[in-house]
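Engineer: Have a peek at structure_1.cif (mmCIF, C-alpha atoms).
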data_run
loop_
_atom_site.label_atom_id
_atom_site.label_comp_id
_atom_site.auth_asym_id
_atom_site.auth_seq_id
_atom_site.Cartn_x
_atom_site.Cartn_y
_atom_site.Cartn_z
CA MET A 1 -36.78 -29.74 16.39
CA THR A 2 -35.68 -27.90 13.24
CA GLN A 3 -36.65 -29.68 10.05
CA THR A 4 -34.17 -29.96 7.22
CA ARG A 5 -35.50 -28.24 4.12
CA GLN A 6 -35.37 -30.56 1.12
CA LEU A 7 -34.72 -28.90 -2.21
CA PRO A 8 -36.44 -30.26 -5.28
CA GLN A 9 -34.59 -32.91 -7.22
CA SER A 10 -36.02 -31.88 -10.57
CA THR A 11 -34.12 -31.54 -13.79
CA ALA A 12 -31.57 -28.73 -13.69
CA PRO A 13 -32.48 -25.58 -15.61
CA PRO A 14 -31.02 -24.94 -19.08
CA GLY A 15 -27.38 -23.89 -18.94
CA PHE A 16 -26.86 -25.20 -15.40
CA ILE A 17 -24.45 -28.01 -16.28
CA SER A 18 -22.40 -25.70 -18.49
CA GLY A 19 -22.33 -23.16 -15.67
CA SER A 20 -20.94 -25.71 -13.24
CA SER A 21 -18.36 -26.79 -15.81
CA LEU A 22 -17.33 -23.17 -16.42
CA ILE A 23 -16.74 -22.73 -12.69
CA LEU A 24 -14.49 -25.79 -12.70
CA LEU A 25 -12.67 -24.56 -15.80
CA SER A 26 -12.08 -21.16 -14.18
CA PHE A 27 -10.60 -22.79 -11.10
CA ALA A 28 -8.44 -25.20 -13.08
CA ALA A 29 -7.05 -22.36 -15.21
CA ALA A 30 -5.57 -20.78 -12.06
CA PHE A 31 -4.68 -24.00 -10.23
CA PHE A 32 -2.65 -25.92 -12.82
CA PRO A 33 -0.61 -23.49 -14.99
CA ARG A 34 2.63 -23.90 -13.01
CA ILE A 35 2.78 -27.66 -13.42
CA VAL A 36 1.78 -27.26 -17.07
CA GLN A 37 4.63 -24.79 -17.58
CA ALA A 38 7.00 -27.21 -15.83
CA VAL A 39 6.46 -29.76 -18.60
CA GLY A 40 7.40 -27.29 -21.32
CA ILE A 41 4.37 -25.10 -22.09
CA PRO A 42 5.34 -21.40 -22.62
CA ALA A 43 5.17 -19.12 -19.58
CA VAL A 44 2.26 -17.19 -21.05
CA ILE A 45 0.04 -20.02 -19.74
CA ASN A 46 0.32 -18.33 -16.33
CA PHE A 47 -1.78 -15.44 -17.68
CA ALA A 48 -4.56 -17.59 -19.14
CA HIS A 49 -6.72 -17.49 -16.02
CA PHE A 50 -6.87 -13.68 -16.20
CA ILE A 51 -8.91 -14.14 -19.38
CA VAL A 52 -10.63 -17.47 -18.78
CA LEU A 53 -11.94 -16.79 -15.28
CA PRO A 54 -13.66 -13.41 -15.78
CA ALA A 55 -15.10 -14.52 -19.14
CA ALA A 56 -16.41 -17.85 -17.85
CA CYS A 57 -17.71 -16.46 -14.56
CA SER A 58 -19.43 -13.53 -16.29
CA LEU A 59 -21.23 -16.00 -18.53
CA VAL A 60 -22.31 -18.01 -15.49
CA ILE A 61 -23.66 -14.94 -13.71
CA LEU A 62 -25.53 -13.71 -16.78
CA THR A 63 -27.12 -17.07 -17.61
CA SER A 64 -27.91 -18.51 -14.18
CA ARG A 65 -31.62 -18.78 -13.43
CA ARG A 66 -33.87 -19.57 -10.47
CA GLN A 67 -31.71 -17.78 -7.92
CA ASP A 68 -33.35 -17.21 -4.57
CA ARG A 69 -33.36 -13.80 -2.91
CA ARG A 70 -30.29 -14.62 -0.82
CA GLN A 71 -28.23 -15.49 -3.88
CA MET A 72 -29.28 -12.33 -5.71
CA ILE A 73 -28.33 -10.10 -2.78
CA ILE A 74 -24.88 -11.68 -2.45
CA VAL A 75 -24.11 -11.55 -6.18
CA LYS A 76 -25.27 -7.94 -6.51
CA SER A 77 -23.29 -6.88 -3.41
CA ILE A 78 -20.09 -8.44 -4.73
CA LEU A 79 -20.54 -6.96 -8.20
CA LEU A 80 -21.14 -3.50 -6.72
CA GLY A 81 -18.00 -3.83 -4.62
CA LEU A 82 -16.01 -4.86 -7.69
CA LEU A 83 -17.36 -1.89 -9.63
CA VAL A 84 -16.19 0.50 -6.90
CA LEU A 85 -12.76 -1.16 -6.85
CA PHE A 86 -12.55 -0.81 -10.64
CA ALA A 87 -13.36 2.92 -10.40
CA ILE A 88 -10.67 3.47 -7.76
CA ALA A 89 -8.04 1.53 -9.72
CA THR A 90 -8.85 3.48 -12.87
CA ALA A 91 -8.57 6.81 -11.03
CA SER A 92 -5.26 5.71 -9.51
CA ALA A 93 -3.92 4.70 -12.90
CA LEU A 94 -4.88 8.04 -14.45
CA LEU A 95 -3.26 9.93 -11.58
CA ASN A 96 -0.02 7.96 -11.82
CA ASN A 97 0.16 7.25 -15.58
CA ALA A 98 0.03 3.50 -15.04
CA GLY A 99 -0.25 1.31 -18.13
CA LEU A 100 -3.54 -0.26 -19.15
CA ILE A 101 -2.07 -3.73 -18.65
CA ASN A 102 -1.14 -2.68 -15.11
CA VAL A 103 -4.74 -1.79 -14.41
CA PHE A 104 -6.02 -5.07 -15.82
CA LEU A 105 -3.52 -7.31 -14.02
CA GLY A 106 -3.62 -5.30 -10.79
CA LEU A 107 -7.41 -5.50 -10.67
CA MET A 108 -7.66 -9.14 -11.66
CA ILE A 109 -5.11 -10.39 -9.15
CA ILE A 110 -7.22 -9.08 -6.24
CA SER A 111 -10.66 -9.38 -7.86
CA GLU A 112 -10.56 -12.97 -9.15
CA PRO A 113 -11.59 -14.57 -5.84
CA PHE A 114 -14.70 -12.40 -5.64
CA ILE A 115 -15.58 -12.89 -9.32
CA LEU A 116 -15.37 -16.65 -8.79
CA LEU A 117 -17.41 -16.41 -5.58
CA ALA A 118 -20.15 -14.38 -7.27
CA ALA A 119 -20.42 -16.94 -10.07
CA LEU A 120 -20.37 -19.85 -7.65
CA VAL A 121 -23.10 -18.36 -5.47
CA ALA A 122 -25.19 -17.49 -8.54
CA ILE A 123 -25.65 -21.12 -9.57
CA PRO A 124 -28.81 -22.80 -8.15
CA PHE A 125 -27.09 -26.08 -7.31
CA THR A 126 -29.08 -29.24 -6.74
CA PRO A 127 -27.59 -31.74 -4.24
CA ASP A 128 -26.40 -34.12 -6.97
CA ALA A 129 -24.80 -31.37 -9.04
CA LEU A 130 -23.04 -29.92 -6.00
CA THR A 131 -21.70 -33.36 -5.09
CA HIS A 132 -20.40 -33.78 -8.63
CA LEU A 133 -18.52 -30.45 -8.51
CA LYS A 134 -17.15 -31.24 -5.03
CA LYS A 135 -15.72 -34.54 -6.27
CA TRP A 136 -13.83 -32.74 -9.03
CA VAL A 137 -12.51 -30.02 -6.74
CA LEU A 138 -11.45 -32.48 -4.05
CA GLY A 139 -9.89 -34.60 -6.78
CA PHE A 140 -7.75 -31.61 -7.75
CA GLY A 141 -6.73 -31.22 -4.12
CA MET A 142 -5.94 -34.89 -3.62
CA GLY A 143 -3.91 -34.99 -6.82
CA HIS A 144 -1.94 -31.96 -5.64
CA LEU A 145 -1.25 -33.55 -2.24
CA ILE A 146 -0.13 -36.87 -3.74
CA LEU A 147 2.09 -35.07 -6.23
CA ALA A 148 3.76 -33.04 -3.45
CA LEU A 149 4.47 -36.14 -1.37
CA GLY A 150 5.76 -37.89 -4.49
CA GLN A 151 8.10 -34.98 -5.16
CA LYS A 152 9.52 -35.36 -1.66
CA VAL A 153 10.25 -39.04 -2.28
CA GLY A 154 11.70 -38.34 -5.72
CA LEU A 155 13.92 -35.53 -4.48
CA ALA A 156 15.12 -37.47 -1.43
CA THR A 157 16.05 -40.53 -3.50
CA GLY A 158 17.57 -38.61 -6.38
CA LEU A 159 14.98 -39.78 -8.89
CA LEU A 160 13.85 -36.17 -9.31
CA ALA A 161 16.62 -33.67 -9.99
CA HIS A 162 16.54 -30.11 -8.72
CA GLU A 163 18.65 -27.34 -10.17
CA ARG A 164 17.56 -24.40 -8.05
CA MET A 165 16.24 -23.80 -4.55
CA THR A 166 16.57 -26.38 -1.80
CA ILE A 167 15.00 -29.83 -1.80
CA GLU A 168 12.36 -28.56 0.64
CA ASP A 169 11.51 -25.61 -1.60
CA ASN A 170 10.90 -28.02 -4.48
CA VAL A 171 8.09 -29.85 -2.65
CA GLN A 172 5.39 -27.82 -4.40
CA GLY A 173 2.74 -30.13 -5.83
CA VAL A 174 1.00 -28.56 -8.83
CA PHE A 175 2.85 -25.26 -8.21
CA TYR A 176 6.08 -26.96 -9.22
CA LEU A 177 9.20 -24.91 -9.94
CA SER A 178 7.68 -21.58 -8.93
CA SER A 179 9.19 -19.13 -6.49
CA GLY A 180 7.46 -19.65 -3.14
CA GLY A 181 5.53 -22.61 -4.57
CA HIS A 182 6.26 -24.72 -1.49
CA VAL A 183 4.33 -22.25 0.70
CA VAL A 184 1.53 -21.86 -1.85
CA GLY A 185 1.25 -25.63 -2.22
CA ALA A 186 1.26 -26.28 1.52
CA SER A 187 -1.34 -23.54 2.13
CA ALA A 188 -3.64 -24.92 -0.57
CA SER A 189 -3.30 -28.44 0.84
CA LEU A 190 -4.19 -27.19 4.32
CA ALA A 191 -7.40 -25.64 2.97
CA PHE A 192 -8.28 -28.83 1.09
CA GLY A 193 -7.47 -31.04 4.07
CA LEU A 194 -9.54 -29.08 6.55
CA TYR A 195 -12.48 -28.86 4.15
CA TYR A 196 -12.38 -32.61 3.51
CA TYR A 197 -12.16 -33.39 7.21
CA PHE A 198 -15.18 -31.29 8.17
CA SER A 199 -17.38 -31.80 5.10
CA ALA A 200 -16.89 -35.49 4.32
CA ARG A 201 -18.75 -36.71 7.41
CA ALA A 202 -19.79 -39.94 5.71
CA VAL A 203 -16.13 -40.94 5.27
CA PRO A 204 -14.60 -42.94 8.16
CA LEU A 205 -12.77 -40.78 10.69
CA TRP A 206 -9.48 -42.61 10.22
CA ILE A 207 -9.44 -41.75 6.51
CA ARG A 208 -10.13 -38.07 7.14
CA CYS A 209 -7.42 -37.99 9.84
CA SER A 210 -5.01 -39.71 7.46
CA VAL A 211 -5.55 -36.96 4.89
CA LEU A 212 -4.83 -34.31 7.55
CA PHE A 213 -1.70 -36.20 8.59
CA ALA A 214 -0.54 -36.24 4.95
CA VAL A 215 -1.16 -32.47 4.72
CA ILE A 216 0.94 -31.85 7.85
CA ALA A 217 3.65 -34.08 6.38
CA GLN A 218 3.68 -31.97 3.20
CA ILE A 219 3.97 -28.77 5.24
CA LEU A 220 6.93 -30.18 7.18
CA PHE A 221 8.61 -31.72 4.11
CA ALA A 222 8.33 -28.35 2.33
CA ASP A 223 9.68 -26.52 5.39
CA ALA A 224 6.71 -24.15 4.99
CA LYS A 225 6.98 -22.89 8.55
CA GLN A 226 4.73 -19.89 8.09
CA VAL A 227 1.76 -22.07 7.06
CA ILE A 228 1.43 -23.53 10.55
CA LEU A 229 2.02 -20.17 12.23
CA VAL A 230 -0.61 -18.46 10.07
CA ALA A 231 -3.06 -21.28 10.79
CA LEU A 232 -2.55 -20.87 14.55
CA VAL A 233 -3.01 -17.09 14.37
CA SER A 234 -6.13 -17.58 12.23
CA TRP A 235 -7.48 -20.02 14.80
CA VAL A 236 -6.92 -17.49 17.60
CA LEU A 237 -8.73 -14.83 15.58
CA LEU A 238 -11.59 -17.25 15.04
CA ILE A 239 -11.80 -17.73 18.79
CA LEU A 240 -11.88 -13.98 19.37
CA SER A 241 -14.62 -13.59 16.76
CA LYS A 242 -16.77 -16.01 18.78
CA ILE A 243 -16.24 -14.29 22.10
CA THR A 244 -19.99 -13.56 22.40
CA ASP A 245 -20.56 -17.31 22.65
CA LEU A 246 -18.63 -17.87 25.87
CA LYS A 247 -19.16 -21.63 26.02
CA VAL A 248 -17.87 -22.24 22.51
CA ALA A 249 -15.08 -19.67 22.92
CA PHE A 250 -13.95 -21.37 26.15
CA GLN A 251 -13.77 -24.72 24.38
CA TYR A 252 -11.69 -23.20 21.59
CA ILE A 253 -9.38 -21.46 24.07
CA ILE A 254 -8.66 -24.71 25.91
CA ALA A 255 -7.92 -26.46 22.62
CA ALA A 256 -5.71 -23.57 21.46
CA VAL A 257 -3.68 -23.59 24.69
CA LEU A 258 -3.12 -27.34 24.45
CA VAL A 259 -2.15 -27.18 20.78
CA GLY A 260 0.08 -24.15 21.38
CA TYR A 261 1.92 -25.86 24.21
CA ALA A 262 2.34 -29.05 22.17
CA PHE A 263 3.68 -27.02 19.24
CA TYR A 264 6.15 -25.17 21.48
CA TRP A 265 7.35 -28.47 22.95
CA CYS A 266 7.85 -29.93 19.48
CA ILE A 267 9.97 -26.96 18.41
CA TYR A 268 12.61 -27.83 21.01
CA ASN A 269 12.23 -31.61 21.16
CA VAL A 270 11.31 -32.86 17.67
CA GLU A 271 13.91 -32.45 14.95
CA VAL A 272 11.49 -31.79 12.10
CA PHE A 273 10.12 -28.75 14.00
CA SER A 274 13.55 -27.31 14.88
CA PRO A 275 13.62 -24.79 11.96
CA TYR A 276 11.03 -22.75 13.87
CA GLN A 277 13.74 -21.88 16.40
CA THR A 278 15.19 -19.42 13.87
CA TRP A 279 12.15 -17.19 14.43
CA ILE A 280 12.46 -17.18 18.22
CA ARG A 281 14.82 -14.21 18.51
CA PRO A 282 13.05 -11.57 20.64
CA HIS A 283 15.67 -8.87 20.02
CA ILE A 284 14.73 -8.54 16.31
CA TYR A 285 11.06 -7.80 17.04
CA GLY A 286 11.33 -4.68 19.21
CA PRO A 287 10.40 -1.18 17.96
CA ASP A 288 13.92 -0.77 16.56
CA GLY A 289 14.52 -4.44 15.86
CA ASP A 290 15.82 -5.52 12.46
CA ALA A 291 12.69 -7.54 11.65
CA THR A 292 10.37 -4.68 12.61
CA LEU A 293 12.27 -2.09 10.58
CA LEU A 294 12.52 -4.39 7.55
CA LYS A 295 8.84 -5.35 7.63
CA THR A 296 7.51 -1.84 8.10
CA GLY A 297 9.90 -0.31 5.58
CA PRO A 298 7.26 0.00 2.81
CA LEU A 299 5.08 2.14 5.08
CA ARG A 300 7.88 4.71 5.16
CA ILE A 301 9.36 4.27 1.68
CA ILE A 302 6.19 4.35 -0.46
CA PRO A 303 4.91 7.74 0.83
CA SER A 304 8.33 9.24 0.08
CA PHE A 305 7.44 8.88 -3.62
CA TYR A 306 4.14 10.74 -3.35
CA THR A 307 3.88 13.77 -5.61
CA SER A 308 0.31 14.78 -4.84
CA ILE A 309 -2.05 14.82 -1.88
CA LEU A 310 -4.24 12.50 -3.99
CA ASN A 311 -1.62 9.77 -3.63
CA TRP A 312 -2.82 9.18 -0.08
CA PRO A 313 -6.34 8.07 -1.11
CA LEU A 314 -5.33 6.62 -4.51
CA GLY A 315 -1.78 5.30 -4.07
CA LEU A 316 1.00 5.18 -6.66
CA GLY A 317 -0.94 3.24 -9.30
CA PRO A 318 -1.72 -0.42 -10.08
CA GLY A 319 1.42 -2.53 -10.27
CA HIS A 320 3.67 0.33 -9.18
CA THR A 321 4.66 -0.77 -5.68
CA ILE A 322 5.08 -4.13 -3.93
CA GLY A 323 1.98 -6.19 -4.65
CA ARG A 324 2.33 -9.39 -6.63
CA ILE A 325 2.09 -7.50 -9.93
CA GLY A 326 4.54 -4.69 -9.17
CA GLY A 327 6.79 -6.70 -6.88
CA TRP A 328 7.14 -9.80 -9.03
CA MET A 329 5.12 -10.37 -12.19
CA ILE A 330 6.01 -7.35 -14.27
CA LYS A 331 9.68 -7.97 -13.59
CA ASP A 332 9.56 -11.74 -14.18
CA TYR A 333 7.38 -11.54 -17.30
CA TRP A 334 8.62 -8.30 -18.82
CA ASN A 335 9.06 -9.97 -22.22
CA ILE A 336 5.29 -10.58 -22.21
CA VAL A 337 3.83 -7.49 -20.48
CA GLY A 338 6.45 -4.95 -21.57
CA PRO A 339 5.28 -4.85 -25.20
CA LEU A 340 1.72 -4.45 -23.90
CA GLY A 341 2.60 -1.13 -22.28
CA ALA A 342 3.38 -2.20 -18.71
CA THR A 343 4.82 0.54 -16.51
CA ILE A 344 7.14 0.34 -13.52
CA HIS A 345 7.80 2.70 -10.65
CA PRO A 346 10.99 3.29 -8.62
CA ALA A 347 9.09 2.70 -5.36
CA SER A 348 9.07 -1.03 -6.07
CA GLU A 349 12.83 -1.25 -6.50
CA ALA A 350 13.41 0.99 -3.47
CA VAL A 351 11.61 -1.52 -1.23
CA TRP A 352 13.36 -4.46 -2.89
CA ASP A 353 16.73 -2.87 -2.14
CA THR A 354 16.04 -2.99 1.60
CA TRP A 355 15.62 -6.77 1.47
CA GLN A 356 18.22 -7.92 -1.05
CA GLY A 357 21.26 -9.20 0.80
CA HIS A 358 19.58 -8.84 4.21
CA TYR A 359 20.37 -11.58 6.71
CA LEU A 360 16.64 -11.96 7.40
CA ASP A 361 16.01 -13.50 3.99
CA SER A 362 12.94 -15.56 4.93
CA SER A 363 9.63 -14.62 3.32
CA PHE A 364 8.31 -14.27 6.87
CA PHE A 365 10.30 -11.04 7.23
CA ALA A 366 9.84 -9.83 3.65
CA PRO A 367 8.93 -6.15 3.16
CA LEU A 368 6.80 -7.26 0.19
CA TRP A 369 3.45 -8.18 1.73
CA GLY A 370 -0.10 -8.15 0.48
CA TRP A 371 -1.79 -5.47 2.55
CA ALA A 372 1.08 -3.04 2.03
CA GLY A 373 1.01 -3.79 -1.70
CA ILE A 374 -2.71 -3.03 -2.09
CA TRP A 375 -2.35 0.14 -0.03
CA GLY A 376 0.75 1.19 -1.98
CA ASP A 377 -0.92 0.65 -5.36
CA LEU A 378 -4.44 1.91 -4.64
CA GLY A 379 -4.15 4.00 -1.48
CA PHE A 380 -6.55 4.08 1.43
CA LEU A 381 -9.63 4.13 -0.83
CA GLY A 382 -8.49 1.01 -2.66
CA LEU A 383 -7.65 -0.70 0.60
CA ALA A 384 -11.07 0.15 2.04
CA SER A 385 -12.78 -1.12 -1.12
CA TYR A 386 -10.86 -4.40 -0.95
CA ILE A 387 -11.71 -4.85 2.73
CA SER A 388 -15.38 -4.23 1.96
CA LEU A 389 -15.37 -7.19 -0.43
CA TRP A 390 -14.07 -9.43 2.32
CA PHE A 391 -16.67 -7.98 4.68
CA ILE A 392 -19.40 -8.97 2.20
CA THR A 393 -17.89 -12.45 1.98
CA TRP A 394 -17.71 -12.74 5.77
CA THR A 395 -21.23 -11.53 6.51
CA HIS A 396 -23.12 -13.13 3.62
CA VAL A 397 -21.21 -16.29 2.70
CA CYS A 398 -19.20 -17.47 5.72
CA LYS A 399 -21.81 -19.29 7.79
CA ASP A 400 -19.67 -21.75 9.74
CA ASP A 401 -16.31 -21.84 11.50
CA LEU A 402 -14.51 -23.59 8.64
CA SER A 403 -15.38 -20.82 6.18
CA ARG A 404 -14.44 -18.11 8.67
CA PHE A 405 -11.13 -19.82 9.37
CA LEU A 406 -10.33 -19.96 5.64
CA VAL A 407 -11.00 -16.21 5.34
CA PHE A 408 -8.78 -15.45 8.34
CA ASN A 409 -6.11 -17.68 6.83
CA ILE A 410 -6.07 -15.53 3.69
CA LEU A 411 -6.13 -12.22 5.53
CA VAL A 412 -3.35 -13.15 7.97
CA ASN A 413 -1.18 -14.28 5.05
CA GLY A 414 -1.56 -10.75 3.73
CA PHE A 415 0.74 -9.55 6.53
CA ILE A 416 3.55 -11.94 5.65
CA PHE A 417 4.11 -12.14 1.89
CA THR A 418 2.16 -11.84 -1.37
CA LEU A 419 0.23 -15.09 -0.82
CA MET A 420 -2.99 -13.08 -0.48
CA GLU A 421 -2.60 -12.33 -4.20
CA GLU A 422 -1.64 -15.87 -5.25
CA PRO A 423 -4.55 -17.21 -7.37
CA GLY A 424 -3.76 -20.87 -6.70
CA PHE A 425 -4.20 -20.32 -2.97
CA THR A 426 -6.93 -17.67 -2.77
CA LEU A 427 -9.13 -19.29 -5.41
CA THR A 428 -8.79 -22.64 -3.65
CA SER A 429 -10.00 -21.12 -0.39
CA ILE A 430 -12.81 -19.18 -2.07
CA MET A 431 -13.96 -22.25 -4.01
CA LEU A 432 -14.19 -24.23 -0.77
CA ILE A 433 -15.99 -21.38 1.01
CA GLY A 434 -18.53 -21.22 -1.82
CA LEU A 435 -19.07 -24.97 -1.80
CA ARG A 436 -19.56 -24.88 1.95
CA TRP A 437 -22.19 -22.13 1.59
CA HIS A 438 -24.12 -24.23 -0.89
CA GLU A 439 -23.88 -27.29 1.37
CA LEU A 440 -25.44 -25.36 4.23
CA ARG A 441 -28.05 -23.82 1.91
CA ILE A 442 -29.12 -27.20 0.61
CA LYS A 443 -29.35 -28.60 4.14
CA GLY A 444 -31.50 -25.63 5.14
CA HIS A 445 -28.99 -24.34 7.73
CA LEU A 446 -28.82 -20.77 6.40
#
Render the structure in this file as structure tokens.
Structural biologist:
Amino acid sequence: MTQTRQLPQSTAPPGFISGSSLILLSFAAAFFPRIVQAVGIPAVINFAHFIVLPAACSLVILTSRRQDRRQMIIVKSILLGLLVLFAIATASALLNNAGLINVFLGLMIISEPFILLAALVAIPFTPDALTHLKKWVLGFGMGHLILALGQKVGLATGLLAHERMTIEDNVQGVFYLSSGGHVVGASASLAFGLYYYFSARAVPLWIRCSVLFAVIAQILFADAKQVILVALVSWVLLILSKITDLKVAFQYIIAAVLVGYAFYWCIYNVEVFSPYQTWIRPHIYGPDGDATLLKTGPLRIIPSFYTSILNWPLGLGPGHTIGRIGGWMIKDYWNIVGPLGATIHPASEAVWDTWQGHYLDSSFFAPLWGWAGIWGDLGFLGLASYISLWFITWTHVCKDDLSRFLVFNILVNGFIFTLMEEPGFTLTSIMLIGLRWHELRIKGHL
């Protein structure tokens, strides 16, 4: 019988508490700015995490002590991967005359999860300290869930006014009044709910199931259809990744078939699931279907702007195509980033033009999606570098099915919209993955 390795309960090393607090501060800086802006704080608050997180996490990495060999290998691997990504982004910017602010924002938007993960792994948590951090993080998640459900009640009763978007789109939790905040909020709640269900084993089952039920309710109230679809696809990928373990894979397959059938039945028999019927139109998904042509448009449009053979490995430059920075942020916050030397590229507008006014106006069909955006900005070298960081995360940090599912959930979202570059969602998932790694480390299961 395997014995559980007990870690010493001695006093934490100097700087440990501050390191844990800096991790929490970094996460909060990316998780709460939308709701803070909604109460009247200037929009520049949305950029605070780009400064706070790398500064705080760098301090944690530099000051953490008593790391074991495993922790050192993971941290060094992530930092090396980030250094390579920085070199590629810099080369791409020089090739395409991208602004310095483009480089900074373009790098940070895709690097933040890995910077946070490196800092989180670097800390030599004791069981009590890890429990303390978990309570804060789960408190953030519970507050977000309660706020989202409260928004639904307020909107439905008229106590909470809405001036733009639909009532469903306004069910956003802490991402209130942001474009696509209902999907971001529902995705973050799903990550929190699943983590709580599987990690809080000491909590009665009915309480953990109630939290999951509340998460599903938020997803349905927000009409965030893609969240459930992405979760199902991620689950299938998780099953395929376990195909070497036939017994476990068979159990997952049976469960997936039952859940899939139940979901299909609900689409046609339960009113709240009826919006999913709008996606069941086979004729738009063929090789020449409208959805296929719209979705794959960037793969044809972006190369048409290449002026050098080097654009293939290095792209059109950070923030120059359809990632979150080039597709949204530079345009929405031009009054802030414009004076800082931000640059734009016609490729971004060319892709936008294919979607504006299109009858397939759901984000599910949007030609602005994460993987295409990273490839468009940084080329095949940048894309390979980004994938390598996820490979490091998968092989070194994801040691159970929950962590692997959360990674798949991020990567699958990259094929739909720009959620893969949404800090509130990706940092939530990465924070939970890091906490789960420490839980397993402390229990001696690694």
Engineer: Could you list the residues chosen by the PyMOL selection byres ((chain A and resi 31) around 9) in this structure as a list in words?
Structural biologist: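 Selected by the PyMOL selection byres ((chain A and resi 31) around 9) here: Ser26, Phe27, Ala28, Ala29, Ala30, Phe32, Pro33, Arg34, Ile35, His49, Phe140, Val174, Phe175, Pro423, Gly424, Phe425, Leu427 and Thr428 of chain A.
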Engineer: Name the residues within 12 Å of (-17.6, -33.5, 2.0), counting only C-alpha atoms in the file's coordinates, and put them as a ChimeraX atom specification.
Structural biologist: /A:127,130-139,192-204,208,432,435-436,438-440
Engineer: For A:Thr321, which of A:Phe305, A:Phe86, A:Phe380, A:Phe125 is the closest residue, counting all atoms listed in the file?
Structural biologist: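 Closest to A:Thr321, using all atoms listed in the file: A:Phe305.
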Engineer: Quick one: pull the distance between atom CA of A:Leu294 and atom CA of A:Lys331, Å, one decimal.
Structural biologist: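 Those two atoms sit 21.6 Å apart.
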Engineer: Under the rule of at most 12 Å, produce a per-residue listing of stretch 177-220 of chain A near stretch 265-278 of chain A: chain, number, name, the closest pair of atoms, and the distance in Å, as JSON lines, using all atoms listed in the file.
Structural biologist:
{"residue": "A:Ile216", "atom": "CA", "partner": "A:Val272", "partner_atom": "CA", "distance": 11.4}
{"residue": "A:Ala217", "atom": "CA", "partner": "A:Val272", "partner_atom": "CA", "distance": 10.0}
{"residue": "A:Gln218", "atom": "CA", "partner": "A:Val272", "partner_atom": "CA", "distance": 11.8}
{"residue": "A:Ile219", "atom": "CA", "partner": "A:Val272", "partner_atom": "CA", "distance": 10.6}
{"residue": "A:Leu220", "atom": "CA", "partner": "A:Val272", "partner_atom": "CA", "distance": 6.9}
Engineer: At a cut-off of 7 Å, using all atoms listed in the file, what residues contact A:Tyr252? Leave out same-chain residues fewer than 4 positions from it and give the result as a PyMOL selection string.
Structural biologist: chain A and resi 239+248+256
Engineer: Between atom CA of A:Leu94 and atom CA of A:Thr307, what is the spacing in Å?
Structural biologist: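 Atom CA of A:Thr307 sits 13.7 Å away from atom CA of A:Leu94.
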Engineer: Compare A:Thr296, A:Ile344, A:Val337, A:Ser77 by their minimum atom-to-atom distance to A:Phe104, counting all atoms listed in the file, and give me the closest one.
Structural biologist: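 Closest residue, counting all atoms listed in the file: A:Val337.
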Engineer: Tell me, as a list of chain:residue names, which residues lie within 8 Å of A:Pro113, counting only C-alpha atoms; anything in the same chain fewer than 3 positions away does not count.
Structural biologist: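 Counting only the stated atoms, we get A:Ile110, A:Leu116, A:Leu117, A:Pro423, A:Thr426, A:Leu427, A:Ile430.
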Engineer: I'd like to know which of A:Pro298, A:Gly158, A:Pro339, A:Gly173 is closest to A:Gly141, using all atoms listed in the file.
Structural biologist: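 Checking each candidate against A:Gly141, we get A:Gly173 as the closest.
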Engineer: Set the distance at 7 Å and use only C-alpha atoms: which residues neighbour stretch 404-409 of chain A once local chain neighbours fewer than 6 positions away are removed? I'd like the list as a PDB file with C-alpha atoms, in the frame of the given file.
Structural biologist:
ATOM      1  CA  ALA A 191      -7.400 -25.640   2.970  1.00  0.00           C
ATOM      2  CA  VAL A 230      -0.610 -18.460  10.070  1.00  0.00           C
ATOM      3  CA  ALA A 231      -3.060 -21.280  10.790  1.00  0.00           C
ATOM      4  CA  SER A 234      -6.130 -17.580  12.230  1.00  0.00           C
ATOM      5  CA  TRP A 235      -7.480 -20.020  14.800  1.00  0.00           C
ATOM      6  CA  LEU A 238     -11.590 -17.250  15.040  1.00  0.00           C
ATOM      7  CA  TRP A 394     -17.710 -12.740   5.770  1.00  0.00           C
ATOM      8  CA  CYS A 398     -19.200 -17.470   5.720  1.00  0.00           C
ATOM      9  CA  SER A 429     -10.000 -21.120  -0.390  1.00  0.00           C
TER      10      SER A 429
END
Engineer: Rank nothing, just name the residue among A:Ala122, A:Ala342, A:Ile322, A:Ala214 nearest to A:Leu59, using all atoms listed in the file.
Structural biologist: A:Ala122
Engineer: Hey, can you check how far atom CA of A:Gly260 sits from atom CA of A:Lys242?
Structural biologist: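 Going from atom CA of A:Gly260 over to atom CA of A:Lys242, I get 18.9 Å.
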Engineer: Evaluate the PyMOL selection byres ((chain A and resi 61-67) around 8) against this structure - the residues, as a VMD selection string, please.
Structural biologist: chain A and resid 13 15 to 16 19 57 to 60 68 to 72 118 to 119 122 to 124
